[in-house]
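Visitor: File model_38.txt below, compact mmCIF, C-alpha atoms:
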# COMPACT_ATOMS: atom_id res chain seq x y z
CA MET A 1 151.48 96.31 74.80
CA CYS A 2 149.31 99.38 75.36
CA GLN A 3 146.28 97.60 73.95
CA TYR A 4 146.84 94.69 76.35
CA LYS A 5 147.00 97.08 79.32
CA ILE A 6 143.85 98.94 78.23
CA LEU A 7 141.93 95.67 77.82
CA LEU A 8 143.13 94.42 81.20
CA ILE A 9 142.09 97.68 82.90
CA LYS A 10 138.64 97.54 81.26
CA SER A 11 138.21 93.93 82.31
CA PHE A 12 139.32 94.80 85.84
CA PHE A 13 136.78 97.61 86.27
CA CYS A 14 133.98 95.54 84.71
CA ASN A 15 134.69 92.81 87.26
CA ILE A 16 134.60 95.40 90.07
CA ILE A 17 131.18 96.67 88.94
CA MET A 18 129.83 93.11 88.71
CA THR A 19 131.25 92.35 92.15
CA MET A 20 129.60 95.45 93.67
CA SER A 21 126.17 94.54 92.29
CA LEU A 22 126.64 90.98 93.48
CA GLY A 23 127.67 92.29 96.90
CA ASP A 24 124.36 94.19 97.27
CA LYS A 25 122.41 91.02 96.58
CA ILE A 26 124.51 89.08 99.07
CA ARG A 27 123.90 91.68 101.79
CA ARG A 28 120.14 91.56 101.24
CA TYR A 29 120.20 87.76 101.47
CA TRP A 30 122.44 87.86 104.56
CA ARG A 31 119.75 89.73 106.53
CA ARG A 32 117.40 86.75 106.07
CA VAL A 33 119.93 84.15 107.24
CA THR A 34 119.34 82.58 110.66
CA VAL A 35 121.63 83.20 113.63
CA LEU A 36 122.98 79.64 113.55
CA ASP A 37 123.84 79.88 109.86
CA LYS A 38 125.54 83.25 110.35
CA TYR A 39 127.55 81.87 113.27
CA ILE A 40 128.83 78.93 111.21
CA LEU A 41 129.33 80.88 107.98
CA ARG A 42 131.42 83.58 109.65
CA GLN A 43 133.90 81.00 110.85
CA VAL A 44 133.86 79.15 107.53
CA ILE A 45 134.49 82.30 105.49
CA GLU A 46 137.36 83.44 107.72
CA VAL A 47 139.20 80.13 107.42
CA PHE A 48 138.32 79.92 103.70
CA LEU A 49 139.99 83.26 102.90
CA MET A 50 143.04 82.28 104.90
CA GLY A 51 143.16 78.87 103.18
CA VAL A 52 142.91 80.30 99.66
CA PHE A 53 145.67 82.81 100.47
CA VAL A 54 147.96 80.15 101.96
CA PHE A 55 147.46 77.56 99.22
CA THR A 56 147.83 80.17 96.48
CA SER A 57 151.04 81.45 98.08
CA ILE A 58 152.44 77.91 98.31
CA ILE A 59 151.76 77.22 94.64
CA PHE A 60 153.21 80.59 93.63
CA ALA A 61 156.28 80.15 95.80
CA SER A 62 157.04 76.74 94.32
CA ASP A 63 155.83 76.03 90.80
CA THR A 64 155.10 79.54 89.53
CA PHE A 65 158.28 81.14 90.87
CA ILE A 66 160.38 78.39 89.28
CA THR A 67 158.55 79.01 86.00
CA LEU A 68 159.47 82.70 86.26
CA ILE A 69 163.17 81.91 86.68
CA LYS A 70 163.13 79.46 83.74
CA GLN A 71 161.42 81.96 81.45
CA ILE A 72 163.97 84.64 82.29
CA SER A 73 167.06 82.41 82.01
CA MET A 74 166.11 80.10 79.12
CA PHE A 75 163.89 82.20 76.86
CA GLY A 76 165.25 85.67 77.53
CA ILE A 77 161.90 87.03 78.68
CA PRO A 78 162.35 90.33 80.59
CA PHE A 79 161.62 90.24 84.30
CA HIS A 80 158.69 92.67 84.21
CA ILE A 81 157.04 90.72 81.36
CA ALA A 82 157.51 87.40 83.18
CA LEU A 83 156.10 88.95 86.37
CA LEU A 84 153.05 90.21 84.48
CA MET A 85 152.57 86.74 82.97
CA ILE A 86 152.58 85.24 86.47
CA ILE A 87 149.94 87.76 87.62
CA LEU A 88 147.81 86.80 84.61
CA ASN A 89 148.12 83.15 85.66
CA LEU A 90 146.77 83.99 89.12
CA PRO A 91 143.07 83.33 88.23
CA SER A 92 143.83 79.77 87.11
CA VAL A 93 145.67 79.14 90.39
CA VAL A 94 142.75 80.55 92.41
CA VAL A 95 140.39 78.15 90.62
CA MET A 96 142.59 75.30 91.85
CA THR A 97 142.81 76.61 95.43
CA ILE A 98 139.09 77.38 95.96
CA PRO A 99 138.24 73.69 96.58
CA MET A 100 141.22 73.44 98.95
CA GLY A 101 140.12 76.52 100.86
CA VAL A 102 136.52 75.31 101.17
CA LEU A 103 137.68 71.92 102.45
CA LEU A 104 140.05 73.48 104.97
CA SER A 105 137.37 75.85 106.26
CA THR A 106 134.83 73.02 106.52
CA VAL A 107 137.08 70.66 108.46
CA MET A 108 138.62 73.31 110.73
CA THR A 109 135.27 74.91 111.61
CA LEU A 110 133.36 71.68 112.33
CA ASN A 111 136.31 70.19 114.18
CA LYS A 112 136.46 73.28 116.42
CA LEU A 113 132.70 73.11 117.07
CA SER A 114 133.03 69.44 117.88
CA LEU A 115 135.93 69.92 120.30
CA ASP A 116 134.08 72.74 122.07
CA SER A 117 131.07 70.39 122.48
CA GLU A 118 128.91 72.88 120.55
CA ILE A 119 127.76 70.17 118.14
CA THR A 120 126.79 68.00 121.12
CA VAL A 121 124.71 70.86 122.55
CA LEU A 122 123.06 71.55 119.18
CA ARG A 123 122.16 67.88 118.75
CA ALA A 124 120.75 67.82 122.28
CA CYS A 125 118.49 70.72 121.24
CA GLY A 126 117.18 68.67 118.32
CA ILE A 127 119.41 70.20 115.64
CA GLY A 128 120.90 67.39 113.60
CA ILE A 129 124.13 67.24 111.62
CA ASN A 130 122.22 67.72 108.36
CA ARG A 131 121.00 71.10 109.63
CA ILE A 132 124.43 72.05 110.97
CA ALA A 133 126.08 71.19 107.64
CA LYS A 134 123.42 72.96 105.57
CA PRO A 135 125.13 76.43 105.49
CA ILE A 136 128.45 74.80 104.66
CA PHE A 137 126.97 72.94 101.70
CA MET A 138 125.26 76.15 100.55
CA PHE A 139 128.60 77.97 100.80
CA SER A 140 130.31 75.22 98.79
CA ILE A 141 127.65 75.53 96.06
CA VAL A 142 128.23 79.30 95.89
CA MET A 143 131.98 78.76 95.66
CA CYS A 144 131.43 76.09 93.01
CA ILE A 145 129.50 78.62 90.90
CA CYS A 146 132.14 81.31 91.50
CA SER A 147 134.90 78.89 90.50
CA PHE A 148 133.04 77.99 87.32
CA ILE A 149 132.46 81.67 86.44
CA ILE A 150 136.13 82.56 87.01
CA ASN A 151 137.22 79.57 84.93
CA GLU A 152 134.82 80.50 82.12
CA THR A 153 135.35 84.26 81.96
CA ILE A 154 138.60 85.44 83.52
CA VAL A 155 140.94 82.45 83.08
CA PRO A 156 140.63 82.17 79.25
CA VAL A 157 141.26 85.90 78.76
CA ALA A 158 144.18 86.00 81.21
CA THR A 159 145.75 82.86 79.69
CA LYS A 160 145.46 84.31 76.18
CA TYR A 161 147.09 87.59 77.23
CA SER A 162 149.84 85.69 79.04
CA LYS A 163 150.60 83.67 75.90
CA ASP A 164 150.56 86.79 73.71
CA LEU A 165 152.98 88.51 76.06
CA ALA A 166 155.30 85.50 75.90
CA LEU A 167 155.16 85.40 72.10
CA TRP A 168 155.81 89.13 71.88
CA SER A 169 158.73 88.92 74.28
CA LEU A 170 160.26 85.87 72.60
CA SER A 171 160.06 87.60 69.23
CA GLN A 172 162.30 90.35 70.65
CA LYS A 173 164.93 87.93 71.91
CA ASN A 174 168.54 88.51 70.75
CA VAL A 175 167.66 91.48 68.55
CA PRO A 176 169.81 94.42 69.68
CA ASP A 177 168.29 97.06 67.41
CA GLY A 178 170.71 99.64 65.99
CA LYS A 179 173.94 97.69 66.60
CA GLU A 180 176.43 96.59 63.93
CA ASN A 181 178.86 93.66 63.62
CA PHE A 182 177.86 91.79 66.74
CA VAL A 183 178.19 88.14 67.73
CA PHE A 184 176.23 86.02 70.22
CA LYS A 185 176.46 82.34 71.03
CA GLU A 186 174.29 79.48 72.26
CA LEU A 187 175.65 76.90 74.70
CA ASP A 188 174.37 73.46 75.68
CA SER A 189 173.69 72.31 79.24
CA ASN A 190 177.38 71.47 79.72
CA GLY A 191 178.56 74.90 78.59
CA VAL A 192 179.87 73.64 75.22
CA LEU A 193 179.32 75.86 72.19
CA LYS A 194 176.39 74.73 70.03
CA ARG A 195 175.85 77.69 67.70
CA LEU A 196 177.59 80.94 66.89
CA PHE A 197 175.63 83.80 65.34
CA TYR A 198 177.10 86.77 63.47
CA VAL A 199 174.92 89.69 62.35
CA GLY A 200 176.15 92.58 60.24
CA ASN A 201 173.56 95.07 61.45
CA CYS A 202 170.00 95.30 62.74
CA GLU A 203 167.34 97.83 61.72
CA ASP A 204 163.69 97.75 62.80
CA LYS A 205 164.12 94.23 64.21
CA ILE A 206 165.37 92.94 60.82
CA LEU A 207 168.81 91.29 60.83
CA TYR A 208 171.12 91.73 57.83
CA ASN A 209 174.19 89.79 56.62
CA ILE A 210 173.66 86.79 58.90
CA THR A 211 176.05 83.88 59.40
CA VAL A 212 175.23 80.95 61.67
CA LEU A 213 177.78 78.30 62.61
CA ASP A 214 175.91 75.22 63.92
CA SER A 215 177.97 72.44 65.54
CA SER A 216 175.12 70.76 67.45
CA LYS A 217 175.23 67.62 65.26
CA GLU A 218 178.17 65.36 65.92
CA GLY A 219 180.45 64.76 62.93
CA THR A 220 179.24 67.68 60.82
CA ILE A 221 179.13 71.46 60.92
CA GLN A 222 176.47 73.51 59.20
CA VAL A 223 177.11 77.05 58.01
CA LEU A 224 174.10 79.18 57.14
CA GLN A 225 174.45 82.50 55.37
CA ALA A 226 171.53 84.79 54.58
CA ASP A 227 171.03 88.37 53.38
CA GLN A 228 168.45 89.07 56.05
CA GLY A 229 166.25 87.44 58.68
CA LYS A 230 164.37 87.85 61.94
CA THR A 231 163.61 85.90 65.09
CA THR A 232 160.16 84.50 65.86
CA PRO A 233 158.88 82.19 68.64
CA SER A 234 158.59 79.35 66.08
CA GLY A 235 162.20 79.76 64.88
CA TRP A 236 164.30 82.01 62.63
CA ASP A 237 163.01 83.30 59.31
CA PHE A 238 165.82 83.72 56.76
CA GLN A 239 165.67 85.15 53.25
CA LYS A 240 168.00 84.71 50.26
CA GLY A 241 170.72 82.47 51.57
CA ALA A 242 172.49 79.14 51.51
CA VAL A 243 173.26 76.28 53.88
CA TYR A 244 176.59 74.43 53.69
CA THR A 245 177.13 71.08 55.43
CA ILE A 246 180.81 70.45 56.16
CA GLY A 247 182.32 67.12 57.25
CA GLU A 248 185.00 66.48 59.87
CA ARG A 249 187.81 66.79 57.27
CA GLY A 250 186.56 70.12 55.97
CA LYS A 251 184.86 68.73 52.86
CA VAL A 252 181.57 70.33 51.79
CA LEU A 253 179.06 67.48 51.86
CA ASN A 254 175.97 69.39 50.77
CA THR A 255 174.92 72.85 49.62
CA THR A 256 171.33 74.12 49.70
CA LEU A 257 170.16 77.46 48.31
CA PHE A 258 166.89 79.04 49.43
CA ASP A 259 164.78 82.15 48.96
CA THR A 260 162.98 81.81 52.31
CA SER A 261 163.61 79.36 55.12
CA ASN A 262 162.37 78.85 58.67
CA VAL A 263 164.91 77.17 60.94
CA VAL A 264 164.15 75.96 64.46
CA PHE A 265 167.22 76.09 66.68
CA GLY A 266 166.53 73.88 69.68
CA LEU A 267 163.10 74.17 71.28
CA ASP A 268 159.99 74.93 69.24
CA LEU A 269 158.67 77.63 71.54
CA SER A 270 155.36 78.13 69.77
CA ARG A 271 154.41 74.48 70.33
CA GLN A 272 155.33 74.73 74.00
CA LEU A 273 153.26 77.89 74.43
CA ASN A 274 150.30 76.30 72.63
CA LYS A 275 150.06 73.54 75.24
CA ASN A 276 147.53 75.74 77.11
CA LEU A 277 145.35 76.19 74.05
CA ALA A 278 142.32 74.62 75.77
CA LYS A 279 142.63 76.99 78.73
CA GLU A 280 142.30 79.96 76.36
CA MET A 281 138.69 78.98 75.63
CA ASN A 282 135.61 78.63 77.79
CA PHE A 283 133.50 75.48 77.76
CA SER A 284 131.24 76.41 74.81
CA LYS A 285 134.10 77.66 72.60
CA LEU A 286 136.21 74.61 73.36
CA LEU A 287 133.27 72.32 72.60
CA LYS A 288 132.83 73.99 69.18
CA TYR A 289 136.58 73.81 68.58
CA ILE A 290 136.60 70.06 69.27
CA ALA A 291 133.52 69.57 67.07
CA LYS A 292 135.45 70.99 64.09
CA GLY A 293 138.00 68.20 64.47
CA LEU A 294 141.39 67.72 66.11
CA ASP A 295 143.11 65.93 63.24
CA LYS A 296 146.00 68.41 63.16
CA PHE A 297 147.01 67.37 66.70
CA GLU A 298 148.77 64.22 67.81
CA GLN A 299 146.66 61.66 69.66
CA GLU A 300 148.09 62.58 73.06
CA ASP A 301 147.37 66.28 72.47
CA GLN A 302 143.83 65.40 71.36
CA ASN A 303 143.28 63.53 74.60
CA LYS A 304 144.60 66.47 76.62
CA ILE A 305 142.19 68.89 74.94
CA VAL A 306 139.16 66.64 75.48
CA ILE A 307 140.17 66.04 79.11
CA GLU A 308 140.42 69.80 79.59
CA LEU A 309 136.87 70.14 78.26
CA PHE A 310 135.43 67.76 80.86
CA ASP A 311 137.70 69.18 83.56
CA LYS A 312 136.09 72.62 83.14
CA LEU A 313 132.98 71.08 84.71
CA ALA A 314 134.64 68.55 87.02
CA LEU A 315 136.99 70.97 88.79
CA PRO A 316 134.29 73.34 90.16
CA ILE A 317 132.18 70.37 91.31
CA THR A 318 135.19 69.25 93.36
CA THR A 319 134.32 72.01 95.84
CA ILE A 320 131.08 70.25 96.80
CA VAL A 321 132.61 66.77 96.71
CA LEU A 322 135.38 67.71 99.16
CA VAL A 323 132.81 69.13 101.58
CA LEU A 324 130.89 65.86 101.44
CA VAL A 325 134.07 64.06 102.51
CA GLY A 326 135.18 66.71 104.97
CA VAL A 327 132.00 67.02 107.06
CA PRO A 328 131.98 63.45 108.52
CA LEU A 329 135.74 63.45 109.05
CA ALA A 330 135.65 66.79 110.88
CA ILE A 331 133.13 65.74 113.52
CA THR A 332 135.32 63.94 116.02
CA PRO A 333 134.30 61.79 119.00
CA PRO A 334 134.10 63.59 122.37
CA ARG A 335 137.12 61.73 123.72
CA VAL A 336 139.40 63.35 121.09
CA ARG A 337 140.69 66.57 122.67
CA TYR A 338 142.88 68.03 119.91
CA ASN A 339 142.08 69.66 116.58
CA ARG A 340 143.01 67.28 113.78
CA GLY A 341 141.14 69.21 111.09
CA PHE A 342 144.27 70.52 109.37
CA LEU A 343 145.78 67.04 109.10
CA PHE A 344 142.52 65.68 107.67
CA SER A 345 142.46 68.53 105.12
CA ILE A 346 145.98 67.84 103.93
CA PHE A 347 145.30 64.12 103.70
CA ILE A 348 142.10 64.60 101.66
CA ILE A 349 143.74 67.12 99.34
CA PHE A 350 146.73 64.82 98.82
CA THR A 351 144.42 61.88 98.07
CA TYR A 352 142.35 63.90 95.63
CA TYR A 353 145.29 65.24 93.62
CA LEU A 354 147.02 61.85 93.64
CA ILE A 355 143.94 60.26 92.07
CA ARG A 356 143.61 63.24 89.73
CA ALA A 357 147.23 63.01 88.56
CA LEU A 358 146.96 59.28 87.92
CA SER A 359 143.63 59.47 86.09
CA ILE A 360 144.73 62.36 83.87
CA SER A 361 147.99 60.56 83.04
CA PHE A 362 146.06 57.46 82.01
CA GLY A 363 143.63 59.64 80.05
CA GLU A 364 146.39 61.43 78.14
CA ALA A 365 147.95 58.07 77.30
CA GLY A 366 144.59 56.83 76.00
CA SER A 367 144.24 54.07 78.59
CA VAL A 368 140.93 55.46 79.86
CA HIS A 369 138.25 57.64 78.28
CA PRO A 370 138.82 61.42 78.72
CA PHE A 371 135.51 61.76 80.60
CA VAL A 372 136.59 59.11 83.10
CA ALA A 373 140.02 60.73 83.42
CA ALA A 374 138.50 64.09 84.35
CA TRP A 375 135.72 62.83 86.61
CA LEU A 376 137.30 59.80 88.30
CA PRO A 377 138.58 61.73 91.37
CA ASN A 378 135.11 63.21 91.94
CA ILE A 379 133.42 59.84 91.49
CA VAL A 380 135.75 58.09 93.96
CA LEU A 381 135.50 60.81 96.61
CA THR A 382 131.72 61.14 96.17
CA LEU A 383 131.23 57.44 96.88
CA LEU A 384 133.61 57.62 99.85
CA GLY A 385 132.02 60.82 101.16
CA ALA A 386 128.45 59.49 100.81
CA TYR A 387 129.40 56.38 102.79
CA LEU A 388 131.13 58.35 105.56
CA TYR A 389 128.37 60.95 105.70
CA TYR A 390 125.67 58.30 106.02
CA ARG A 391 127.53 56.56 108.84
CA LYS A 392 128.18 59.82 110.69
CA VAL A 393 124.66 61.24 110.35
CA TYR A 394 122.50 58.16 110.79
CA THR A 395 124.59 55.85 112.98
CA ILE A 396 126.36 58.29 115.33
CA ARG A 397 125.73 57.78 119.03
Would you give me this structure, written as structure tokens?

Guide:
Amino acid sequence: MCQYKILLIKSFFCNIIMTMSLGDKIRRYWRRVTVLDKYILRQVIEVFLMGVFVFTSIIFASDTFITLIKQISMFGIPFHIALLMIILNLPSVVVMTIPMGVLLSTVMTLNKLSLDSEITVLRACGIGINRIAKPIFMFSIVMCICSFIINETIVPVATKYSKDLALWSLSQKNVPDGKENFVFKELDSNGVLKRLFYVGNCEDKILYNITVLDSSKEGTIQVLQADQGKTTPSGWDFQKGAVYTIGERGKVLNTTLFDTSNVVFGLDLSRQLNKNLAKEMNFSKLLKYIAKGLDKFEQEDQNKIVIELFDKLALPITTIVLVLVGVPLAITPPRVRYNRGFLFSIFIIFTYYLIRALSISFGEAGSVHPFVAAWLPNIVLTLLGAYLYYRKVYTIR
């Protein structure tokens, strides 16, 4: 645990130093930016920060908070460990919300300029929509690069630490060190007893004189006795014991002796935690990992990993694609006297993630190629955005 904290602190300060040096370069560039670009960018950045904060809070308040409760109640993960895991998952959420924030800032800013007739005045002065949208597209490119850097550097490290914390915490589950002659039980979803565990004593996380009564299988009862054992995320490791299978009438149906045995009671936690394996690697590492072969995975898991590889490039590009769609939709006709930018933003985001969910589902099932599954939302919205942008820029009256 101390090593994890030290590494996180080092990574945090390294990121601060990199951010400070990057900030100096940004300030020098900002002095050379025109007044029009500064005027538009200030409004875009303000709404962008608000949008990222709001969308991140929504995701945390719904999906991530529910995950926290499940981890505490189902897996026995302590609250402070689960909270730290959620904080480590924050970078991956930010990568998802950056495109949303850029879209919201684009639509809200241009819609406001349009309603205030500022775009009409600018066009009357010979400044076209291409020039007005130029700083917004430049901002989206910068955010695209930032999203890619976060996804390549911070997200893999944070995801790996989050998984390690979960594995460490799960390995401590139900091990009351120093106690003797204790019993704990496992219930099903209906509150009916599934398994009863008896442990003679526990020293240094090693359990001695273990007896497990397993009634999860209908019609039979299994009794496991072992001299010693320990809990791990992948199951229970027992040493020097026997397993007795008893029928409904009390007759011993089978007896199995073992020196070592690994028994999985219920959920295989290690497999569940390994579902984010691709997110623990950046693009180059994941590409090398796939090149070595994915034969040890099932076909669906292979598809997920390959989709994740292409998605590491497709997701940052989404920032630019959403701006391409948002710019023409944000510029409203003069007769419209209300700001509909927020509604447009929600509609575009909903459309994007609907297409994304469908394409990834088809990709995981093997119905479409993983590349198509990852890039289909961008392809569809790029075609739509190019059509709308052309009509708005070159046919507007």

Visitor: May I ask for the distance between CA of Ile149 (chain A) and CA of Gly101 (chain A), given in Å to one decimal place?

Guide: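 Separation of CA of Ile149 (chain A) and CA of Gly101 (chain A): 17.1 Å.
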
Visitor: Neighbouring residues of Ile246 (chain A) were defined as those with any atom within 9 Å, considering all atoms listed in the file; residues of the same chain fewer than 3 positions away were excluded. Please report them as a count of residues only.

Guide: 11

Visitor: Write out as a PyMOL selection string each polymer residue whose atoms come within 12 Å of region 310-313 of chain A, counting only C-alpha atoms; drop sequence neighbours fewer than 4 positions from it.

Guide: chain A and resi 92+95-96+144-145+147-153+155-156+278-287+290+303-306+317-319+356+359-360+363+369-378

Visitor: Could you list as a list in words every residue that has an atom within 7 Å of (137.5, 64.8, 105.6), using the file's coordinates and counting only C-alpha atoms?

Guide: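 Using only C-alpha atoms, the matching residues come out as Val107, Val325, Gly326, Val327, Pro328, Leu329, Ala330, Phe344, Ser345 and Ile348 of chain A.
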
Visitor: Could you tell me how far CA of Tyr161 (chain A) lies from CA of Leu88 (chain A), in Å and to one decimal?

Guide: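 CA of Leu88 (chain A) lies at a distance of 7.5 Å from CA of Tyr161 (chain A).
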